[in-house]
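So this block is structure.csv, CSV, C-alpha atoms:
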chain,number,residue,atom,x,y,z
A,1,MET,CA,79.4,63.2,97.8
A,2,SER,CA,80.4,60.5,95.3
A,3,GLY,CA,81.9,57.3,96.6
A,4,HIS,CA,85.2,58.2,95.0
A,5,SER,CA,85.2,61.6,96.8
A,6,LYS,CA,84.3,60.0,100.1
A,7,TRP,CA,87.2,57.6,99.8
A,8,SER,CA,89.5,60.5,98.9
A,9,THR,CA,88.3,62.3,102.0
A,10,ILE,CA,89.2,59.3,104.2
A,11,LYS,CA,92.6,59.0,102.5
A,12,ARG,CA,93.2,62.7,103.2
A,13,LYS,CA,92.7,62.0,106.9
A,14,LYS,CA,95.3,59.2,106.6
A,15,GLY,CA,97.5,61.7,104.7
A,16,ALA,CA,97.5,64.0,107.7
A,17,GLU,CA,98.9,61.1,109.7
A,18,ASP,CA,101.4,60.4,107.0
A,19,ALA,CA,102.6,64.0,107.1
A,20,LYS,CA,103.5,63.6,110.7
A,21,ARG,CA,105.8,60.8,109.7
A,22,GLY,CA,107.3,62.8,106.9
A,23,LYS,CA,105.8,60.6,104.2
A,24,ILE,CA,104.0,63.4,102.4
A,25,PHE,CA,107.2,65.4,102.1
A,26,THR,CA,109.1,62.4,100.8
A,27,ARG,CA,106.6,61.7,98.0
A,28,ILE,CA,106.3,65.3,97.0
A,29,THR,CA,110.1,65.7,96.9
A,30,ARG,CA,110.3,62.8,94.5
A,31,GLU,CA,107.5,64.4,92.3
A,32,ILE,CA,109.5,67.6,92.2
A,33,VAL,CA,112.8,65.8,91.4
A,34,MET,CA,111.2,63.9,88.5
A,35,ALA,CA,109.4,66.9,87.2
A,36,ALA,CA,112.6,69.0,87.2
A,37,ARG,CA,114.5,66.2,85.5
A,38,GLU,CA,111.8,65.9,82.8
A,39,GLY,CA,111.1,69.5,82.0
A,40,GLY,CA,113.7,71.8,83.6
A,41,GLY,CA,113.8,73.9,86.8
A,42,ASP,CA,111.6,76.8,85.6
A,43,TYR,CA,108.1,76.1,87.0
A,44,THR,CA,106.6,79.0,85.0
A,45,SER,CA,107.3,76.9,81.8
A,46,ASN,CA,107.4,73.4,83.3
A,47,PHE,CA,103.8,72.7,84.0
A,48,ARG,CA,104.4,69.4,85.9
A,49,LEU,CA,106.9,71.1,88.1
A,50,ARG,CA,104.5,73.9,88.8
A,51,LEU,CA,101.9,71.5,90.0
A,52,ALA,CA,104.4,69.6,92.2
A,53,VAL,CA,105.6,72.9,93.8
A,54,ASP,CA,102.0,74.0,94.4
A,55,LYS,CA,101.4,70.8,96.1
A,56,ALA,CA,104.5,71.2,98.2
A,57,ARG,CA,103.5,74.7,99.2
A,58,SER,CA,100.0,73.5,100.2
A,59,GLU,CA,101.6,71.0,102.5
A,60,ASN,CA,103.8,73.8,104.0
A,61,MET,CA,107.0,72.2,102.7
A,62,PRO,CA,110.0,74.6,103.5
A,63,LYS,CA,111.3,76.6,100.6
A,64,ASP,CA,114.8,75.2,101.0
A,65,ASN,CA,113.4,71.6,100.6
A,66,ILE,CA,111.7,72.6,97.4
A,67,GLU,CA,114.8,74.2,96.0
A,68,ARG,CA,117.0,71.2,96.9
A,69,ALA,CA,114.6,68.9,95.2
A,70,ILE,CA,114.7,71.0,92.0
A,71,LYS,CA,118.5,71.0,92.1
A,72,ARG,CA,118.5,67.3,92.5
A,73,GLY,CA,116.3,66.8,89.5
A,74,LEU,CA,118.6,69.1,87.5
A,75,GLY,CA,121.6,67.0,88.5
A,76,GLU,CA,123.1,69.9,90.5
A,77,ASP,CA,123.0,68.0,93.8
A,78,LYS,CA,125.6,65.3,93.2
A,79,ASP,CA,124.9,63.7,96.6
A,80,GLY,CA,121.2,63.1,95.8
A,81,SER,CA,119.8,59.7,94.9
A,82,GLN,CA,119.1,59.0,91.2
A,83,TYR,CA,115.3,58.3,91.0
A,84,GLU,CA,113.4,56.6,88.2
A,85,GLU,CA,109.7,56.2,87.6
A,86,ILE,CA,108.3,52.7,87.4
A,87,THR,CA,104.7,51.5,87.0
A,88,TYR,CA,103.7,48.0,88.1
A,89,GLU,CA,100.5,46.1,87.3
A,90,GLY,CA,99.0,43.4,89.3
A,91,TYR,CA,96.1,41.9,91.2
A,92,ALA,CA,94.9,42.0,94.8
A,93,ASN,CA,92.5,39.4,96.2
A,94,ALA,CA,89.3,38.5,94.3
A,95,GLY,CA,90.9,39.5,91.0
A,96,ALA,CA,90.9,43.2,91.7
A,97,ALA,CA,93.2,44.9,89.2
A,98,LEU,CA,95.9,47.4,90.4
A,99,ILE,CA,98.1,49.9,88.9
A,100,ILE,CA,101.0,50.9,91.2
A,101,GLU,CA,103.1,54.0,90.3
A,102,CYS,CA,106.5,54.2,92.0
A,103,VAL,CA,109.5,56.5,92.1
A,104,THR,CA,112.6,54.7,93.3
A,105,GLU,CA,116.4,54.7,93.4
A,106,ASN,CA,116.5,50.9,93.8
A,107,ARG,CA,114.3,49.0,91.3
A,108,ASN,CA,115.1,45.6,92.8
A,109,ARG,CA,114.1,46.6,96.3
A,110,THR,CA,110.9,48.2,95.1
A,111,VAL,CA,109.7,45.3,93.0
A,112,ALA,CA,110.5,42.9,95.8
A,113,GLU,CA,108.5,44.9,98.3
A,114,VAL,CA,105.5,45.3,96.0
A,115,ARG,CA,105.5,41.6,95.2
A,116,HIS,CA,105.7,40.7,98.9
A,117,VAL,CA,102.6,42.9,99.7
A,118,LEU,CA,100.6,41.5,96.9
A,119,SER,CA,101.5,37.9,97.6
A,120,ARG,CA,100.7,38.2,101.3
A,121,ALA,CA,97.3,39.5,100.3
A,122,GLY,CA,96.5,36.7,98.0
A,123,GLY,CA,97.3,38.7,94.9
A,124,SER,CA,100.2,38.7,92.4
A,125,LEU,CA,102.4,41.0,90.3
A,126,GLY,CA,101.4,40.9,86.6
A,127,GLU,CA,103.2,41.5,83.3
A,128,SER,CA,103.4,44.9,81.8
A,129,GLY,CA,100.1,45.6,80.0
A,130,SER,CA,98.2,42.9,81.8
A,131,VAL,CA,96.1,45.4,83.7
A,132,ALA,CA,96.6,48.8,82.1
A,133,TRP,CA,94.0,48.1,79.3
A,134,GLN,CA,91.3,48.2,82.1
A,135,PHE,CA,92.0,51.8,82.9
A,136,THR,CA,91.9,55.2,81.2
A,137,GLN,CA,94.0,58.2,82.3
A,138,LYS,CA,92.0,61.3,82.9
A,139,ALA,CA,92.5,64.8,84.2
A,140,TYR,CA,91.0,65.2,87.7
A,141,PHE,CA,90.4,68.2,89.9
A,142,THR,CA,88.6,68.7,93.2
A,143,PHE,CA,87.8,71.9,95.1
A,144,PRO,CA,85.1,73.2,97.5
A,145,LEU,CA,82.2,75.0,95.9
A,146,GLY,CA,82.2,77.7,98.5
A,147,LYS,CA,80.3,80.8,97.3
A,148,LYS,CA,81.0,80.1,93.6
A,149,ASN,CA,78.2,79.7,91.1
A,150,PHE,CA,78.0,76.1,90.0
A,151,ASP,CA,76.5,76.9,86.6
A,152,GLU,CA,79.3,79.3,85.9
A,153,LEU,CA,81.9,76.7,87.0
A,154,PHE,CA,80.2,74.2,84.8
A,155,MET,CA,80.6,76.4,81.7
A,156,LEU,CA,84.2,77.3,82.6
A,157,ALA,CA,85.2,73.7,83.0
A,158,ALA,CA,83.2,72.6,79.8
A,159,ASP,CA,85.0,75.3,77.8
A,160,GLY,CA,88.3,74.0,79.2
A,161,GLY,CA,87.6,70.5,77.8
A,162,ALA,CA,86.0,68.8,80.8
A,163,ASP,CA,83.5,66.0,80.0
A,164,ASP,CA,82.0,65.6,83.5
A,165,ILE,CA,81.5,68.1,86.4
A,166,ILE,CA,79.9,66.9,89.7
A,167,GLU,CA,78.9,68.8,92.7
A,168,GLU,CA,77.8,67.1,95.9
A,169,GLU,CA,77.7,68.3,99.5
A,170,GLY,CA,79.7,71.4,98.6
A,171,ASN,CA,82.5,69.6,96.8
A,172,VAL,CA,83.2,69.9,93.1
A,173,GLU,CA,84.8,67.2,91.0
A,174,VAL,CA,86.0,67.9,87.4
A,175,PHE,CA,86.9,65.1,85.0
A,176,GLY,CA,88.3,65.5,81.5
A,177,PRO,CA,90.5,63.8,78.9
A,178,ALA,CA,94.2,63.6,79.8
A,179,SER,CA,94.9,66.0,76.9
A,180,SER,CA,92.7,68.7,78.6
A,181,PHE,CA,94.7,68.7,81.8
A,182,LYS,CA,96.8,71.8,81.2
A,183,THR,CA,93.9,73.8,79.7
A,184,LEU,CA,91.6,73.0,82.6
A,185,SER,CA,94.3,73.7,85.2
A,186,ASN,CA,94.9,77.1,83.6
A,187,ALA,CA,91.2,77.9,83.3
A,188,LEU,CA,90.7,77.2,87.0
A,189,HIS,CA,93.8,79.1,88.0
A,190,ASN,CA,92.7,82.1,86.0
A,191,ALA,CA,89.4,82.0,87.7
A,192,GLY,CA,91.1,82.2,91.1
A,193,ILE,CA,90.4,78.6,92.0
A,194,SER,CA,93.1,76.6,93.8
A,195,PRO,CA,92.1,72.9,93.5
A,196,GLU,CA,92.7,70.6,96.4
A,197,THR,CA,93.5,67.9,93.8
A,198,ALA,CA,94.9,68.5,90.4
A,199,GLU,CA,96.4,65.5,88.7
A,200,LEU,CA,96.3,62.9,86.0
A,201,ARG,CA,94.7,59.9,87.5
A,202,MET,CA,93.8,56.4,86.2
A,203,PHE,CA,90.1,55.5,86.3
A,204,PRO,CA,88.8,52.0,85.7
A,205,ASN,CA,86.8,51.5,82.4
A,206,GLN,CA,84.4,49.2,84.3
A,207,GLU,CA,84.3,48.8,88.1
A,208,LEU,CA,84.4,45.3,89.7
A,209,GLU,CA,81.6,44.6,92.2
A,210,LEU,CA,82.8,42.7,95.3
A,211,ASN,CA,81.2,41.8,98.6
A,212,LEU,CA,82.1,43.9,101.7
A,213,ASP,CA,84.8,41.5,103.1
A,214,ASP,CA,86.6,41.3,99.8
A,215,THR,CA,86.4,45.1,99.2
A,216,LEU,CA,87.8,45.8,102.6
A,217,LYS,CA,90.7,43.3,102.0
A,218,VAL,CA,91.5,45.1,98.7
A,219,LEU,CA,91.5,48.5,100.4
A,220,LYS,CA,93.7,47.1,103.2
A,221,THR,CA,96.1,45.9,100.5
A,222,ILE,CA,96.2,49.3,98.9
A,223,ASP,CA,97.0,50.8,102.4
A,224,HIS,CA,99.9,48.4,102.7
A,225,LEU,CA,101.2,49.3,99.3
A,226,GLU,CA,100.9,53.0,100.0
A,227,GLU,CA,102.9,52.5,103.2
A,228,LEU,CA,105.9,51.6,101.0
A,229,ASP,CA,108.3,54.5,100.7
A,230,ASP,CA,108.7,54.1,96.9
A,231,VAL,CA,104.9,54.0,96.1
A,232,GLN,CA,103.4,57.2,94.8
A,233,ASN,CA,99.9,56.2,93.7
A,234,VAL,CA,97.8,53.1,93.6
A,235,TYR,CA,94.7,52.7,91.4
A,236,VAL,CA,92.1,50.0,91.6
A,237,ASN,CA,89.1,48.9,89.5
A,238,VAL,CA,86.9,48.0,92.5
A,239,ALA,CA,83.5,49.7,93.1
A,240,ILE,CA,83.6,51.0,96.7
A,241,SER,CA,80.2,50.7,98.3
A,242,ASP,CA,78.8,53.1,100.9
A,243,GLU,CA,78.9,50.2,103.4
A,244,ALA,CA,82.7,49.8,102.8
A,245,LEU,CA,83.2,53.5,103.1
A,246,GLU,CA,81.4,53.6,106.4
A,247,SER,CA,83.5,50.7,107.7
A,248,LEU,CA,86.7,52.6,106.6
A,249,ASP,CA,85.5,55.8,108.2
A,250,ALA,CA,84.8,54.1,111.5
A,251,ALA,CA,88.1,52.3,111.6

Please lay out the structure from this file as structure tokens.
Amino acid sequence: MSGHSKWSTIKRKKGAEDAKRGKIFTRITREIVMAAREGGGDYTSNFRLRLAVDKARSENMPKDNIERAIKRGLGEDKDGSQYEEITYEGYANAGAALIIECVTENRNRTVAEVRHVLSRAGGSLGESGSVAWQFTQKAYFTFPLGKKNFDELFMLAADGGADDIIEEEGNVEVFGPASSFKTLSNALHNAGISPETAELRMFPNQELELNLDDTLKVLKTIDHLEELDDVQNVYVNVAISDEALESLDAA
């Protein structure tokens, strides 16, 4: 499995712990709210909402919670918080570049919390555009190979616009331009494949090589950022070595 996948697997283990504390539901609820606000409450025509609802169902979120989140996004729940999406750019230790995606109802609180985590780790918050140029947004899907034929999957994904398909240790990763996301998602859906991951994700244009200690410090900083309630996703440009992954898995 690629280093990226291994890190994702480790993070999924952490996600199981987060679910126990309700963090997964909180983040998915905010995704649903923003999706409904942006494209309406019909997830058969609102693609972003469909993905958020699919994710909610995969995490066994109660139907009532999903419906309330959609109503909040549509403005029908007047008691609900008014969320906004904000993306911060900054640096962890050793010059590692970070993109931090947030959904918040209190912009001042969020920026203060993000700045505090970065400062404590020897990093800093940057200006808008200071880091984004180092990343490219791509469509990203993962799912187990199972009994599927990889060659057939390869052709399916390639026809859908994918520019890279990897299979290692029974796990498949599909990468494509951001513009191919909907086409790829529909192609997989029509083939009866339910991806474990289906999202637009930021990937570094060039990975930064750090020593083990600095890499682990960066990953610890990401953990601290992801513990903040308002943080949805964190992306980093650091190459994660097998040694670092082993240290994380053993922790």

> In terms of the shortest atom-to-atom distance over only C-alpha atoms, which of A:Gly192, A:Pro62, A:Gly73, A:Pro144 is closest to Glu31 of chain A?
Replying inline: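 Of all the options, A:Gly73 lies closest to Glu31 of chain A.
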
> Hey, what's within 10 Å of Gly170 of chain A if we count all atoms listed in the file and toss same-chain stuff fewer than 2 positions away? As a VMD selection string, please?
Replying inline: chain A and resid 1 143 to 147 150 166 to 168 172

Please write the residues from the selection above to a file, keeping C-alpha atoms, as a tab-separated table (two decimals), keeping the file's coordinate frame.
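Generated file (selection.tsv):
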chain	number	residue	atom	x	y	z
A	1	MET	CA	79.40	63.20	97.80
A	143	PHE	CA	87.80	71.90	95.10
A	144	PRO	CA	85.10	73.20	97.50
A	145	LEU	CA	82.20	75.00	95.90
A	146	GLY	CA	82.20	77.70	98.50
A	147	LYS	CA	80.30	80.80	97.30
A	150	PHE	CA	78.00	76.10	90.00
A	166	ILE	CA	79.90	66.90	89.70
A	167	GLU	CA	78.90	68.80	92.70
A	168	GLU	CA	77.80	67.10	95.90
A	172	VAL	CA	83.20	69.90	93.10

> Which polymer residues, protein or nucleic acid, are no farther than 12 Å from (109.7, 66.1, 83.9), counting all atoms listed in the file, as a list in words?
Replying inline: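 Looking at atoms near the point gives Arg30, Glu31, Ile32, Val33, Met34, Ala35, Ala36, Arg37, Glu38, Gly39, Gly40, Gly41, Asp42, Tyr43, Ser45, Asn46, Phe47, Arg48, Leu49, Arg50, Leu51, Ala52, Ile70, Gly73, Leu74, Tyr83, Glu84 and Glu85 of chain A.
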
Counting only C-alpha atoms, which residues of segment 162-251 of chain A fall within 9 Å of segment 94-117 of chain A, and what is the closest atom pair for each with its distance in Å at one decimal, ordered by chain and rising number, as a tab-separated table?
residue	atom	partner	partner_atom	distance
A:Met202	CA	A:Ile99	CA	8.2
A:Leu208	CA	A:Ala96	CA	7.1
A:Leu210	CA	A:Ala94	CA	7.8
A:Asp214	CA	A:Ala94	CA	6.7
A:Thr215	CA	A:Ala94	CA	8.7
A:Val218	CA	A:Ala96	CA	7.3
A:Thr221	CA	A:Val117	CA	7.2
A:Ile222	CA	A:Leu98	CA	8.7
A:His224	CA	A:Val117	CA	6.8
A:Leu225	CA	A:Val117	CA	6.6
A:Leu228	CA	A:Glu113	CA	7.7
A:Asp229	CA	A:Thr104	CA	8.6
A:Asp230	CA	A:Thr104	CA	5.3
A:Val231	CA	A:Cys102	CA	4.4
A:Gln232	CA	A:Cys102	CA	5.1
A:Asn233	CA	A:Glu101	CA	5.2
A:Val234	CA	A:Ile100	CA	4.6
A:Tyr235	CA	A:Ile99	CA	5.1
A:Val236	CA	A:Leu98	CA	4.8
A:Asn237	CA	A:Ala97	CA	5.7
A:Val238	CA	A:Ala96	CA	6.3

> By how many Å are atom CA of Ala157 of chain A and atom CA of Glu59 of chain A apart?
Replying inline: 25.6 Å

>> My list of candidates is A:Glu246, A:Asp159, A:Glu67, A:Asp164. Which is closest to Thr183 of chain A when distances are computed with all atoms listed in the file?
In response: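 Checking each candidate against Thr183 of chain A, we get A:Asp159 as the closest.
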
>> Taking 2 positions as the minimum chain separation for residues in the same chain, which residues sit within 12 Å of Asn186 of chain A when counting only C-alpha atoms? Answer as a list in words.
In response: Thr44, Phe47, Arg50, Leu51, Phe141, Leu156, Ala157, Asp159, Gly160, Gly161, Ser180, Phe181, Lys182, Thr183, Leu184, Leu188, His189, Asn190, Ala191, Gly192, Ile193, Ser194, Pro195 and Ala198 of chain A

Give me the box for segment 87-95 of chain A as JSON, namely the centre and edge lengths in Å to one decimal of a box along x, y and z that holds every listed atom plus 8 Å on each side.
{"center_x": 97.0, "center_y": 45.0, "center_z": 91.6, "size_x": 31.4, "size_y": 29.0, "size_z": 25.2}

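Atom CA of Lys23 of chain A to atom CA of Val53 of chain A spans 16.1 Å [interatomic distance, one decimal].
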
> Suppose you want the space between atom CA of Val174 of chain A and atom CA of Pro204 of chain A; what is it in Å?
Replying inline: 16.2 Å

>> Just checking: using only C-alpha atoms, which residue out of A:Asn205, A:Thr142, A:Leu212, A:Glu227 ends up closest to Ser185 of chain A?
In response: A:Thr142

> Looking at A:Val131, A:Ala162, A:Ile28, A:Leu219, which one is nearest to Leu248 of chain A, with distances taken over all atoms listed in the file?
Replying inline: A:Leu219

>> Counting only C-alpha atoms, which residue out of A:Met155, A:Asp54, A:Thr87, A:Asp223 sits closest to Glu127 of chain A?
In response: A:Thr87

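Around Tyr140 of chain A, within 9 Å and counting only C-alpha atoms, the residues found are Lys138, Thr142, Glu173, Val174, Phe175, Gly176, Pro177, Ala178, Phe181, Thr197, Ala198, Glu199, Leu200 and Arg201 of chain A, once anything fewer than 2 positions away on its own chain is removed.
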